[in-house]
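Asks: Input file: start.cif. Contents: mmCIF, C-alpha atoms.
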data_model
loop_
_atom_site.label_atom_id
_atom_site.label_comp_id
_atom_site.auth_asym_id
_atom_site.auth_seq_id
_atom_site.Cartn_x
_atom_site.Cartn_y
_atom_site.Cartn_z
CA MET A 1 -19.19 9.76 -16.61
CA PRO A 2 -17.51 6.78 -14.88
CA ALA A 3 -20.93 5.09 -14.68
CA LEU A 4 -21.50 5.63 -18.42
CA ASP A 5 -18.03 4.29 -19.25
CA GLU A 6 -18.69 1.24 -17.09
CA ALA A 7 -22.04 0.60 -18.78
CA LYS A 8 -20.41 0.87 -22.21
CA GLU A 9 -17.72 -1.60 -21.19
CA GLU A 10 -20.32 -4.03 -19.86
CA ILE A 11 -22.34 -3.88 -23.09
CA GLU A 12 -19.26 -4.36 -25.27
CA HIS A 13 -18.10 -7.20 -23.09
CA LEU A 14 -21.48 -8.95 -23.35
CA GLN A 15 -21.36 -8.48 -27.13
CA GLY A 16 -17.94 -10.09 -27.21
CA ARG A 17 -16.25 -6.96 -28.56
CA ALA A 18 -14.22 -6.00 -25.50
CA LYS A 19 -12.70 -7.39 -22.35
CA ALA A 20 -14.12 -6.71 -18.91
CA VAL A 21 -12.14 -4.21 -16.82
CA ILE A 22 -11.40 -4.07 -13.10
CA ARG A 23 -10.15 -0.70 -11.90
CA ILE A 24 -8.01 -0.79 -8.76
CA ALA A 25 -6.25 1.94 -6.77
CA THR A 26 -3.63 1.12 -4.16
CA GLY A 27 -0.98 2.57 -1.93
CA ASP A 28 2.68 1.65 -2.41
CA LEU A 29 2.65 -1.44 -0.20
CA TRP A 30 -0.26 -3.09 -1.98
CA GLY A 31 0.83 -1.95 -5.42
CA LEU A 32 4.50 -2.90 -5.13
CA VAL A 33 4.51 -5.84 -2.71
CA ILE A 34 1.18 -7.58 -2.21
CA LEU A 35 -0.80 -7.38 -5.45
CA PRO A 36 1.73 -8.11 -8.25
CA GLY A 37 1.73 -11.89 -7.67
CA ILE A 38 -2.04 -11.94 -7.21
CA ILE A 39 -2.58 -10.03 -10.47
CA LYS A 40 -0.34 -12.46 -12.36
CA ALA A 41 -2.33 -15.41 -11.02
CA PHE A 42 -5.64 -13.70 -11.84
CA SER A 43 -4.55 -12.94 -15.41
CA ARG A 44 -3.89 -16.64 -16.02
CA THR A 45 -7.38 -17.70 -14.91
CA HIS A 46 -9.26 -14.69 -16.34
CA PRO A 47 -7.89 -13.98 -19.84
CA GLY A 48 -11.02 -12.01 -20.70
CA VAL A 49 -10.44 -9.41 -17.96
CA VAL A 50 -8.10 -6.40 -17.97
CA VAL A 51 -6.84 -5.32 -14.52
CA HIS A 52 -6.11 -1.60 -14.42
CA VAL A 53 -3.96 -0.71 -11.39
CA GLU A 54 -3.07 2.80 -10.22
CA ILE A 55 -0.68 3.46 -7.34
CA ALA A 56 -1.99 6.71 -5.87
CA ASP A 57 -1.95 8.76 -2.68
CA ASP A 58 -4.79 8.48 -0.19
CA GLY A 59 -6.54 11.64 -1.42
CA THR A 60 -6.64 10.38 -5.01
CA ARG A 61 -7.90 6.97 -3.91
CA PHE A 62 -10.60 8.59 -1.81
CA GLU A 63 -11.82 10.90 -4.56
CA GLY A 64 -11.72 8.10 -7.13
CA MET A 65 -13.79 5.85 -4.91
CA ARG A 66 -16.26 8.66 -4.16
CA HIS A 67 -16.78 9.36 -7.87
CA GLY A 68 -17.03 5.74 -8.94
CA VAL A 69 -13.70 5.60 -10.80
CA TYR A 70 -12.40 2.52 -8.95
CA ASP A 71 -14.01 -0.86 -8.27
CA LEU A 72 -11.59 -1.68 -5.46
CA VAL A 73 -9.22 0.36 -3.31
CA PHE A 74 -6.50 -1.30 -1.23
CA GLY A 75 -4.94 0.48 1.73
CA THR A 76 -5.92 1.92 5.09
CA LEU A 77 -9.42 3.22 5.77
CA SER A 78 -9.30 6.89 6.78
CA TYR A 79 -12.11 8.74 8.53
CA LYS A 80 -12.89 10.54 5.25
CA TYR A 81 -14.51 7.46 3.71
CA GLU A 82 -16.93 6.80 6.55
CA ALA A 83 -17.84 10.50 6.79
CA VAL A 84 -19.26 10.80 3.27
CA MET A 85 -20.07 7.34 1.90
CA GLN A 86 -21.12 3.83 2.86
CA VAL A 87 -18.24 1.53 1.97
CA GLU A 88 -17.18 -1.93 3.03
CA PHE A 89 -13.73 -2.39 4.58
CA GLU A 90 -12.13 -5.82 4.90
CA THR A 91 -9.06 -5.90 7.11
CA LEU A 92 -6.57 -8.24 5.45
CA VAL A 93 -3.24 -7.33 7.06
CA ARG A 94 -1.80 -5.36 9.93
CA GLN A 95 1.44 -3.46 9.49
CA ALA A 96 3.99 -1.75 11.70
CA THR A 97 6.64 0.78 10.68
CA TYR A 98 10.37 0.18 10.31
CA ILE A 99 13.26 2.60 9.88
CA TYR A 100 15.37 1.70 6.83
CA CYS A 101 18.86 2.61 5.63
CA ASP A 102 21.46 1.48 3.08
CA ARG A 103 23.29 -1.75 3.99
CA ASP A 104 26.58 0.17 4.30
CA HIS A 105 25.11 2.75 6.68
CA HIS A 106 26.69 2.50 10.13
CA LEU A 107 23.25 2.08 11.76
CA ALA A 108 22.54 -1.01 9.65
CA LYS A 109 25.20 -2.88 11.61
CA ALA A 110 24.23 -1.59 15.08
CA ALA A 111 22.74 -4.12 17.49
CA ALA A 112 20.46 -1.44 18.97
CA VAL A 113 19.63 2.12 17.90
CA THR A 114 18.34 4.87 20.20
CA LEU A 115 15.99 7.75 19.47
CA ASP A 116 18.93 10.17 19.71
CA ASP A 117 20.82 8.13 17.09
CA LEU A 118 17.91 8.53 14.68
CA LEU A 119 17.43 12.24 15.35
CA ARG A 120 21.04 12.84 14.30
CA GLN A 121 20.32 11.41 10.83
CA ARG A 122 19.03 13.09 7.68
CA TRP A 123 15.75 11.68 6.37
CA ILE A 124 13.78 10.90 3.23
CA SER A 125 10.04 11.58 3.30
CA PRO A 126 8.30 9.16 0.85
CA GLY A 127 5.12 11.19 0.52
CA TYR A 128 3.40 10.26 3.78
CA GLY A 129 4.03 13.46 5.70
CA ASP A 130 6.88 14.47 7.95
CA ASP A 131 5.04 13.51 11.13
CA GLU A 132 4.83 9.78 10.35
CA GLY A 133 6.36 7.54 13.03
CA PRO A 134 7.18 5.11 14.20
CA GLY A 135 6.46 5.58 17.87
CA GLN A 136 8.40 8.31 19.60
CA LEU A 137 9.54 9.80 16.30
CA GLU A 138 6.04 11.19 15.69
CA ARG A 139 6.68 13.75 18.39
CA GLN A 140 10.14 14.76 17.21
CA THR A 141 11.44 17.26 14.67
CA ARG A 142 13.62 15.54 12.06
CA ASP A 143 16.02 16.83 9.43
CA PHE A 144 14.42 15.96 6.08
CA ALA A 145 16.88 16.13 3.20
CA VAL A 146 14.54 14.76 0.50
CA ARG A 147 10.78 14.68 -0.06
CA VAL A 148 9.37 12.56 -2.89
CA ASP A 149 5.95 11.30 -4.04
CA SER A 150 7.00 7.77 -4.98
CA MET A 151 8.30 4.95 -2.81
CA LEU A 152 10.38 3.62 -5.72
CA GLN A 153 11.98 7.02 -6.14
CA ALA A 154 12.79 7.14 -2.43
CA LEU A 155 14.24 3.64 -2.64
CA LEU A 156 16.57 4.55 -5.50
CA ILE A 157 17.73 7.72 -3.75
CA MET A 158 18.47 5.80 -0.55
CA GLN A 159 20.82 3.34 -2.26
CA GLY A 160 24.41 4.14 -1.28
CA SER A 161 23.33 7.24 0.66
CA PRO A 162 23.60 8.18 4.37
CA LEU A 163 19.84 8.91 4.48
CA VAL A 164 17.23 7.00 6.49
CA MET A 165 13.47 6.55 5.95
CA ALA A 166 10.37 5.35 7.80
CA ALA A 167 8.17 2.92 5.84
CA SER A 168 5.91 -0.10 6.32
CA SER A 169 7.40 -3.29 7.72
CA GLY A 170 5.92 -5.04 4.69
CA PHE A 171 8.57 -3.51 2.42
CA GLU A 172 11.44 -5.42 4.04
CA LYS A 173 11.84 -8.13 1.39
CA LEU A 174 11.46 -5.72 -1.53
CA PHE A 175 13.94 -3.26 -0.02
CA ASP A 176 16.43 -6.05 0.64
CA ARG A 177 16.74 -6.60 -3.13
CA PHE A 178 18.08 -3.04 -3.36
CA GLY A 179 20.46 -3.39 -0.42
CA ILE A 180 18.21 -1.47 1.97
CA LYS A 181 17.98 -2.87 5.51
CA PRO A 182 15.79 -2.21 8.58
CA ILE A 183 17.45 -0.50 11.54
CA MET A 184 17.18 -2.22 14.91
CA PHE A 185 14.92 0.36 16.56
CA GLU A 186 12.51 -1.27 18.99
CA ASP A 187 9.63 1.20 18.84
CA HIS A 188 7.66 0.26 15.69
CA GLY A 189 4.75 2.52 16.61
CA ARG A 190 1.07 1.71 16.42
CA VAL A 191 -0.14 -1.17 14.29
CA GLN A 192 -2.22 -0.10 11.28
CA GLU A 193 -4.94 -2.16 9.63
CA SER A 194 -4.97 -2.36 5.85
CA GLY A 195 -7.25 -4.08 3.38
CA ALA A 196 -9.91 -3.79 0.69
CA ILE A 197 -12.31 -0.85 0.41
CA TYR A 198 -15.29 -1.03 -1.94
CA PHE A 199 -18.95 -0.23 -2.47
CA PRO A 200 -21.22 -3.30 -2.00
CA ARG A 201 -22.52 -2.86 -5.56
CA ALA A 202 -18.99 -3.42 -6.91
CA LEU A 203 -19.39 -7.11 -6.09
CA GLU A 204 -22.22 -7.34 -8.61
CA LYS A 205 -19.45 -7.63 -11.23
CA SER A 206 -18.24 -11.23 -11.27
CA PRO A 207 -14.60 -10.32 -12.15
CA VAL A 208 -14.45 -8.05 -9.11
CA ARG A 209 -15.84 -10.80 -6.89
CA ASP A 210 -13.33 -13.28 -8.30
CA PHE A 211 -10.41 -10.91 -7.82
CA LEU A 212 -11.33 -10.11 -4.22
CA ARG A 213 -11.78 -13.82 -3.50
CA LEU A 214 -8.27 -14.48 -4.84
CA VAL A 215 -6.85 -11.70 -2.67
CA ARG A 216 -8.47 -13.18 0.42
CA GLY A 217 -7.14 -16.63 -0.37
CA SER A 218 -3.63 -15.35 -1.04
CA MET A 219 -3.13 -13.48 2.24
CA PRO A 220 -2.16 -16.53 4.36
CA LEU A 221 0.55 -17.35 1.80
CA LEU A 222 2.35 -14.03 2.30
CA GLU A 223 5.25 -13.73 4.70
CA LEU A 224 5.36 -10.08 5.67
CA PRO A 225 7.10 -8.96 8.89
CA GLU A 226 4.99 -7.40 11.60
CA PHE A 227 1.79 -8.49 9.83
CA SER A 228 -0.93 -10.42 11.62
CA LEU A 229 -2.81 -12.30 8.93
CA ILE A 230 -6.58 -12.03 9.23
CA GLU A 231 -8.98 -14.90 8.68
CA THR A 232 -11.61 -13.82 6.12
CA ALA A 233 -14.72 -15.54 4.93
#
As structure tokens, what does this structure read like?
Replies:
Amino acid sequence: MPALDEAKEEIEHLQGRAKAVIRIATGDLWGLVILPGIIKAFSRTHPGVVVHVEIADDGTRFEGMRHGVYDLVFGTLSYKYEAVMQVEFETLVRQATYIYCDRDHHLAKAAAVTLDDLLRQRWISPGYGDDEGPGQLERQTRDFAVRVDSMLQALLIMQGSPLVMAASSGFEKLFDRFGIKPIMFEDHGRVQESGAIYFPRALEKSPVRDFLRLVRGSMPLLELPEFSLIETA
């Protein structure tokens, strides 16, 4: 069915009756931080293309890619993709994990925070699983007060609360707008690679090629903490 819908869109586009469509699925970091500026720039240069963006969990992104729903997926490449399909993965950024809290939280003002300090706190789980790090925290039992499916929902709950949360280092600037600050905990855990996932045939569509080219060119312009920017062809 996705293939038939895509063929119909291509025919209508060629006949001048409809715009071309790029379907993208992302995680929270790409959807909320990295892609918005890129999409705005793309819309100015490609008025005949509609960009459809869905912020979804990893399972939804995987199934959508497997069934041909999405042209591009942005996020980390899990073992599931390579086990069942031949996809391309372009590493565009590397991210670490920070611990965040409200600016009035007592840990926000601490020069250094220990593991014991963090284990005494109550936590928000933003849909990634309770075992997410960083570092030593992956091996510790924490007191989770809230579990949500949306990073924006977690962000709004955290405002003015005594709760803390683990999330990508790339969220720092966005969170700062809401008065949410990183805690000075030295162990940021393992670095994770993140980027574009797609089937080679997706690049047969010129709008998809153009969008991916713009993403590649925009990465060196981003200033995201704990990210090592990757040179791409």
Asks: Between A:Tyr70, A:Ile22, A:Val50, A:Gly27, which residue has the minimum interatomic distance to A:Asp149, considering all atoms listed in the file?
Replies: A:Gly27
Asks: Residues near stretch 152-154 of chain A, anyone? I mean within 10 Å using all atoms listed in the file, not counting same-chain ones fewer than 2 positions away, as a short mmCIF file (atom, residue, chain, number, x, y, z; two decimals) with C-alpha atoms, in the coordinates of the input.
Replies:
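selection06.cif was written with the following content:
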data_model
loop_
_atom_site.label_atom_id
_atom_site.label_comp_id
_atom_site.auth_asym_id
_atom_site.auth_seq_id
_atom_site.Cartn_x
_atom_site.Cartn_y
_atom_site.Cartn_z
CA ASP A 28 2.68 1.65 -2.41
CA LEU A 32 4.50 -2.90 -5.13
CA ILE A 124 13.78 10.90 3.23
CA SER A 125 10.04 11.58 3.30
CA PRO A 126 8.30 9.16 0.85
CA GLY A 127 5.12 11.19 0.52
CA VAL A 146 14.54 14.76 0.50
CA ARG A 147 10.78 14.68 -0.06
CA VAL A 148 9.37 12.56 -2.89
CA ASP A 149 5.95 11.30 -4.04
CA SER A 150 7.00 7.77 -4.98
CA LEU A 156 16.57 4.55 -5.50
CA ILE A 157 17.73 7.72 -3.75
CA MET A 158 18.47 5.80 -0.55
CA GLN A 159 20.82 3.34 -2.26
CA VAL A 164 17.23 7.00 6.49
CA MET A 165 13.47 6.55 5.95
CA PHE A 175 13.94 -3.26 -0.02
#
Asks: Take the PyMOL selection byres ((chain A and resi 184) around 10), apply it to the structure above, and return the hits as a ChimeraX atom specification.
Replies: /A:98-100,107-114,181-183,185-188
Asks: As an exercise, work out the distance from atom CA of A:Phe199 to atom CA of A:Glu88 in Å and give it to one decimal place.
Replies: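 Distance between the two atoms: 6.0 Å.
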Asks: Counting all atoms listed in the file, what is within 10 Å of A:Glu54, bar same-chain residues fewer than 2 positions away, as a list in words?
Replies: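 My list of contacting residues is Arg23, Ile24, Ala25, Thr26, Gly27, Asp28, Gly31, Val51, His52, Ala56, Asp57, Thr60, Arg61, Tyr70 and Val73 of chain A.
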Asks: Here is a test: counting only C-alpha atoms, which residue of A:Val208, A:Ile39, A:Val191, A:Met65 is nearest to A:Val84?
Replies: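 The shortest atom-to-atom distance to A:Val84 comes from A:Met65.
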Asks: Identify, on the basis of only C-alpha atoms, every residue whose closest approach to A:Ser206 does not exceed 12 Å; exclude the query and any residue fewer than 6 positions from it along the same chain; express the result as a list of chain:residue names.
Replies: A:Glu10, A:Ala20, A:Val21, A:Ile22, A:His46, A:Gly48, A:Val49, A:Asp71, A:Leu212, A:Arg213
Asks: Take the residues from that selection and put them in a file with C-alpha atoms, as a PDB file, in the frame of the given file.
Replies:
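Saved result, again-v3.pdb, follows:
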ATOM      1  CA  GLU A  10     -20.320  -4.030 -19.860  1.00  0.00           C
ATOM      2  CA  ALA A  20     -14.120  -6.710 -18.910  1.00  0.00           C
ATOM      3  CA  VAL A  21     -12.140  -4.210 -16.820  1.00  0.00           C
ATOM      4  CA  ILE A  22     -11.400  -4.070 -13.100  1.00  0.00           C
ATOM      5  CA  HIS A  46      -9.260 -14.690 -16.340  1.00  0.00           C
ATOM      6  CA  GLY A  48     -11.020 -12.010 -20.700  1.00  0.00           C
ATOM      7  CA  VAL A  49     -10.440  -9.410 -17.960  1.00  0.00           C
ATOM      8  CA  ASP A  71     -14.010  -0.860  -8.270  1.00  0.00           C
ATOM      9  CA  LEU A 212     -11.330 -10.110  -4.220  1.00  0.00           C
ATOM     10  CA  ARG A 213     -11.780 -13.820  -3.500  1.00  0.00           C
TER      11      ARG A 213
END
Asks: For stretch 87-98 of chain A, what centre and edge lengths in Å (one decimal) does the axis-aligned box get once 5 Å is added on each side of all its listed atoms, as AutoDock Vina command-line options?
Replies:
--center_x -3.9 --center_y -3.4 --center_z 6.8 --size_x 38.6 --size_y 19.8 --size_z 19.7
Asks: If we count all atoms listed in the file and set the cut-off at 12 Å, which residues sit around A:Gly37, ignoring sequence neighbours fewer than 3 positions away in its own chain? Please answer as a list in words.
Replies: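 Residues meeting the cut-off are Trp30, Gly31, Leu32, Val33, Ile34, Lys40, Ala41, Phe42, Ser43, Arg44, Leu214, Val215, Ser218, Met219, Leu221 and Leu222 of chain A.
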Asks: Just the number, please: distance in Å from atom CA of A:Leu77 to atom CA of A:Phe62, one decimal.
Replies: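 We find that atom CA of A:Leu77 and atom CA of A:Phe62 lie 9.4 Å from each other.
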Asks: In Å to one decimal, how far is atom CA of A:Gln136 from atom CA of A:Ser161?
Replies: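 Distance reported for this atom pair: 24.1 Å.
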Asks: Closest to A:Pro134 among A:Leu119, A:Cys101, A:Leu29, A:Ala166, using only C-alpha atoms?
Replies: A:Ala166
Asks: What residues have an atom no more than 8 Å from (-9.7, -6.4, 0.6) in the file's own frame, counting only C-alpha atoms, and can you write them as a short mmCIF file (atom, residue, chain, number, x, y, z; two decimals) with C-alpha atoms, in the coordinates of the input?
Replies:
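As written to disk, selection04.cif reads:
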data_model
loop_
_atom_site.label_atom_id
_atom_site.label_comp_id
_atom_site.auth_asym_id
_atom_site.auth_seq_id
_atom_site.Cartn_x
_atom_site.Cartn_y
_atom_site.Cartn_z
CA LEU A 72 -11.59 -1.68 -5.46
CA VAL A 73 -9.22 0.36 -3.31
CA PHE A 74 -6.50 -1.30 -1.23
CA PHE A 89 -13.73 -2.39 4.58
CA GLU A 90 -12.13 -5.82 4.90
CA THR A 91 -9.06 -5.90 7.11
CA LEU A 92 -6.57 -8.24 5.45
CA GLY A 195 -7.25 -4.08 3.38
CA ALA A 196 -9.91 -3.79 0.69
CA ILE A 197 -12.31 -0.85 0.41
CA LEU A 212 -11.33 -10.11 -4.22
CA VAL A 215 -6.85 -11.70 -2.67
CA ARG A 216 -8.47 -13.18 0.42
#
Asks: Restricting the calculation to all atoms listed in the file: of A:Pro36, A:Gly160, A:Tyr81, A:Glu63, which residue gets closest to A:Ile180?
Replies: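 Closest to A:Ile180 of all the choices is A:Gly160.
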Asks: Pull N, CA, C and O atoms for stretch 44-73 of chain A from the block and write them as a PDB file, in the first residue's frame.
Replies:
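Just written: decode.pdb:
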ATOM      1  N   ARG A  44      11.909  26.785   1.728  1.00  0.00           N
ATOM      2  CA  ARG A  44      12.102  28.007   0.948  1.00  0.00           C
ATOM      3  C   ARG A  44      12.635  27.698  -0.449  1.00  0.00           C
ATOM      4  O   ARG A  44      12.289  28.383  -1.418  1.00  0.00           O
ATOM      5  N   THR A  45      13.476  26.684  -0.563  1.00  0.00           N
ATOM      6  CA  THR A  45      14.087  26.357  -1.856  1.00  0.00           C
ATOM      7  C   THR A  45      13.310  25.308  -2.638  1.00  0.00           C
ATOM      8  O   THR A  45      13.562  25.127  -3.826  1.00  0.00           O
ATOM      9  N   HIS A  46      12.364  24.620  -1.973  1.00  0.00           N
ATOM     10  CA  HIS A  46      11.588  23.568  -2.635  1.00  0.00           C
ATOM     11  C   HIS A  46      10.095  23.776  -2.363  1.00  0.00           C
ATOM     12  O   HIS A  46       9.462  22.982  -1.642  1.00  0.00           O
ATOM     13  N   PRO A  47       9.495  24.814  -2.918  1.00  0.00           N
ATOM     14  CA  PRO A  47       8.081  25.092  -2.657  1.00  0.00           C
ATOM     15  C   PRO A  47       7.139  24.024  -3.194  1.00  0.00           C
ATOM     16  O   PRO A  47       5.974  23.957  -2.777  1.00  0.00           O
ATOM     17  N   GLY A  48       7.611  23.179  -4.097  1.00  0.00           N
ATOM     18  CA  GLY A  48       6.768  22.133  -4.655  1.00  0.00           C
ATOM     19  C   GLY A  48       6.845  20.819  -3.906  1.00  0.00           C
ATOM     20  O   GLY A  48       6.365  19.795  -4.397  1.00  0.00           O
ATOM     21  N   VAL A  49       7.453  20.833  -2.704  1.00  0.00           N
ATOM     22  CA  VAL A  49       7.627  19.599  -1.933  1.00  0.00           C
ATOM     23  C   VAL A  49       7.017  19.783  -0.543  1.00  0.00           C
ATOM     24  O   VAL A  49       7.244  20.807   0.109  1.00  0.00           O
ATOM     25  N   VAL A  50       6.249  18.790  -0.107  1.00  0.00           N
ATOM     26  CA  VAL A  50       5.718  18.760   1.255  1.00  0.00           C
ATOM     27  C   VAL A  50       6.580  17.813   2.088  1.00  0.00           C
ATOM     28  O   VAL A  50       6.802  16.661   1.691  1.00  0.00           O
ATOM     29  N   VAL A  51       7.085  18.298   3.229  1.00  0.00           N
ATOM     30  CA  VAL A  51       7.868  17.469   4.142  1.00  0.00           C
ATOM     31  C   VAL A  51       6.953  17.014   5.272  1.00  0.00           C
ATOM     32  O   VAL A  51       6.435  17.835   6.034  1.00  0.00           O
ATOM     33  N   HIS A  52       6.745  15.706   5.356  1.00  0.00           N
ATOM     34  CA  HIS A  52       5.899  15.136   6.402  1.00  0.00           C
ATOM     35  C   HIS A  52       6.815  14.534   7.461  1.00  0.00           C
ATOM     36  O   HIS A  52       7.566  13.600   7.183  1.00  0.00           O
ATOM     37  N   VAL A  53       6.774  15.085   8.686  1.00  0.00           N
ATOM     38  CA  VAL A  53       7.678  14.654   9.754  1.00  0.00           C
ATOM     39  C   VAL A  53       6.876  14.024  10.888  1.00  0.00           C
ATOM     40  O   VAL A  53       5.885  14.599  11.349  1.00  0.00           O
ATOM     41  N   GLU A  54       7.327  12.871  11.337  1.00  0.00           N
ATOM     42  CA  GLU A  54       6.701  12.188  12.475  1.00  0.00           C
ATOM     43  C   GLU A  54       7.762  11.896  13.526  1.00  0.00           C
ATOM     44  O   GLU A  54       8.770  11.253  13.228  1.00  0.00           O
ATOM     45  N   ILE A  55       7.563  12.411  14.739  1.00  0.00           N
ATOM     46  CA  ILE A  55       8.434  12.061  15.856  1.00  0.00           C
ATOM     47  C   ILE A  55       7.880  10.787  16.476  1.00  0.00           C
ATOM     48  O   ILE A  55       6.743  10.757  16.959  1.00  0.00           O
ATOM     49  N   ALA A  56       8.667   9.717  16.422  1.00  0.00           N
ATOM     50  CA  ALA A  56       8.159   8.402  16.829  1.00  0.00           C
ATOM     51  C   ALA A  56       9.234   7.638  17.583  1.00  0.00           C
ATOM     52  O   ALA A  56      10.434   7.937  17.478  1.00  0.00           O
ATOM     53  N   ASP A  57       8.799   6.634  18.345  1.00  0.00           N
ATOM     54  CA  ASP A  57       9.758   5.793  19.059  1.00  0.00           C
ATOM     55  C   ASP A  57      10.501   4.896  18.076  1.00  0.00           C
ATOM     56  O   ASP A  57      10.122   4.772  16.904  1.00  0.00           O
ATOM     57  N   ASP A  58      11.537   4.253  18.561  1.00  0.00           N
ATOM     58  CA  ASP A  58      12.403   3.457  17.679  1.00  0.00           C
ATOM     59  C   ASP A  58      11.641   2.319  17.012  1.00  0.00           C
ATOM     60  O   ASP A  58      11.866   2.017  15.841  1.00  0.00           O
ATOM     61  N   GLY A  59      10.727   1.670  17.742  1.00  0.00           N
ATOM     62  CA  GLY A  59       9.973   0.573  17.155  1.00  0.00           C
ATOM     63  C   GLY A  59       9.103   1.028  15.999  1.00  0.00           C
ATOM     64  O   GLY A  59       9.033   0.357  14.963  1.00  0.00           O
ATOM     65  N   THR A  60       8.459   2.176  16.138  1.00  0.00           N
ATOM     66  CA  THR A  60       7.626   2.709  15.062  1.00  0.00           C
ATOM     67  C   THR A  60       8.475   3.102  13.865  1.00  0.00           C
ATOM     68  O   THR A  60       8.094   2.854  12.707  1.00  0.00           O
ATOM     69  N   ARG A  61       9.619   3.712  14.113  1.00  0.00           N
ATOM     70  CA  ARG A  61      10.512   4.087  13.008  1.00  0.00           C
ATOM     71  C   ARG A  61      11.002   2.852  12.267  1.00  0.00           C
ATOM     72  O   ARG A  61      11.047   2.824  11.035  1.00  0.00           O
ATOM     73  N   PHE A  62      11.342   1.811  13.021  1.00  0.00           N
ATOM     74  CA  PHE A  62      11.822   0.574  12.408  1.00  0.00           C
ATOM     75  C   PHE A  62      10.750  -0.067  11.539  1.00  0.00           C
ATOM     76  O   PHE A  62      10.994  -0.421  10.377  1.00  0.00           O
ATOM     77  N   GLU A  63       9.545  -0.213  12.071  1.00  0.00           N
ATOM     78  CA  GLU A  63       8.473  -0.841  11.313  1.00  0.00           C
ATOM     79  C   GLU A  63       8.091  -0.005  10.092  1.00  0.00           C
ATOM     80  O   GLU A  63       7.809  -0.541   9.013  1.00  0.00           O
ATOM     81  N   GLY A  64       8.073   1.319  10.256  1.00  0.00           N
ATOM     82  CA  GLY A  64       7.763   2.184   9.126  1.00  0.00           C
ATOM     83  C   GLY A  64       8.794   2.083   8.022  1.00  0.00           C
ATOM     84  O   GLY A  64       8.446   2.052   6.828  1.00  0.00           O
ATOM     85  N   MET A  65      10.057   2.002   8.386  1.00  0.00           N
ATOM     86  CA  MET A  65      11.103   1.833   7.392  1.00  0.00           C
ATOM     87  C   MET A  65      10.976   0.473   6.712  1.00  0.00           C
ATOM     88  O   MET A  65      11.069   0.351   5.485  1.00  0.00           O
ATOM     89  N   ARG A  66      10.721  -0.555   7.493  1.00  0.00           N
ATOM     90  CA  ARG A  66      10.614  -1.922   6.945  1.00  0.00           C
ATOM     91  C   ARG A  66       9.474  -2.043   5.943  1.00  0.00           C
ATOM     92  O   ARG A  66       9.576  -2.767   4.951  1.00  0.00           O
ATOM     93  N   HIS A  67       8.384  -1.320   6.183  1.00  0.00           N
ATOM     94  CA  HIS A  67       7.212  -1.420   5.317  1.00  0.00           C
ATOM     95  C   HIS A  67       7.141  -0.297   4.282  1.00  0.00           C
ATOM     96  O   HIS A  67       6.118  -0.143   3.600  1.00  0.00           O
ATOM     97  N   GLY A  68       8.190   0.471   4.138  1.00  0.00           N
ATOM     98  CA  GLY A  68       8.236   1.475   3.099  1.00  0.00           C
ATOM     99  C   GLY A  68       7.415   2.719   3.357  1.00  0.00           C
ATOM    100  O   GLY A  68       7.104   3.461   2.426  1.00  0.00           O
ATOM    101  N   VAL A  69       7.071   2.979   4.620  1.00  0.00           N
ATOM    102  CA  VAL A  69       6.273   4.165   4.942  1.00  0.00           C
ATOM    103  C   VAL A  69       7.119   5.427   4.870  1.00  0.00           C
ATOM    104  O   VAL A  69       6.643   6.487   4.440  1.00  0.00           O
ATOM    105  N   TYR A  70       8.389   5.352   5.312  1.00  0.00           N
ATOM    106  CA  TYR A  70       9.253   6.520   5.398  1.00  0.00           C
ATOM    107  C   TYR A  70      10.340   6.490   4.323  1.00  0.00           C
ATOM    108  O   TYR A  70      10.889   5.438   3.996  1.00  0.00           O
ATOM    109  N   ASP A  71      10.673   7.677   3.809  1.00  0.00           N
ATOM    110  CA  ASP A  71      11.813   7.814   2.903  1.00  0.00           C
ATOM    111  C   ASP A  71      13.117   7.896   3.684  1.00  0.00           C
ATOM    112  O   ASP A  71      14.140   7.347   3.265  1.00  0.00           O
ATOM    113  N   LEU A  72      13.075   8.615   4.813  1.00  0.00           N
ATOM    114  CA  LEU A  72      14.263   8.823   5.636  1.00  0.00           C
ATOM    115  C   LEU A  72      13.891   8.650   7.103  1.00  0.00           C
ATOM    116  O   LEU A  72      12.817   9.077   7.532  1.00  0.00           O
ATOM    117  N   VAL A  73      14.789   8.029   7.852  1.00  0.00           N
ATOM    118  CA  VAL A  73      14.663   7.942   9.305  1.00  0.00           C
ATOM    119  C   VAL A  73      15.918   8.561   9.899  1.00  0.00           C
ATOM    120  O   VAL A  73      17.029   8.305   9.427  1.00  0.00           O
TER     121      VAL A  73
END
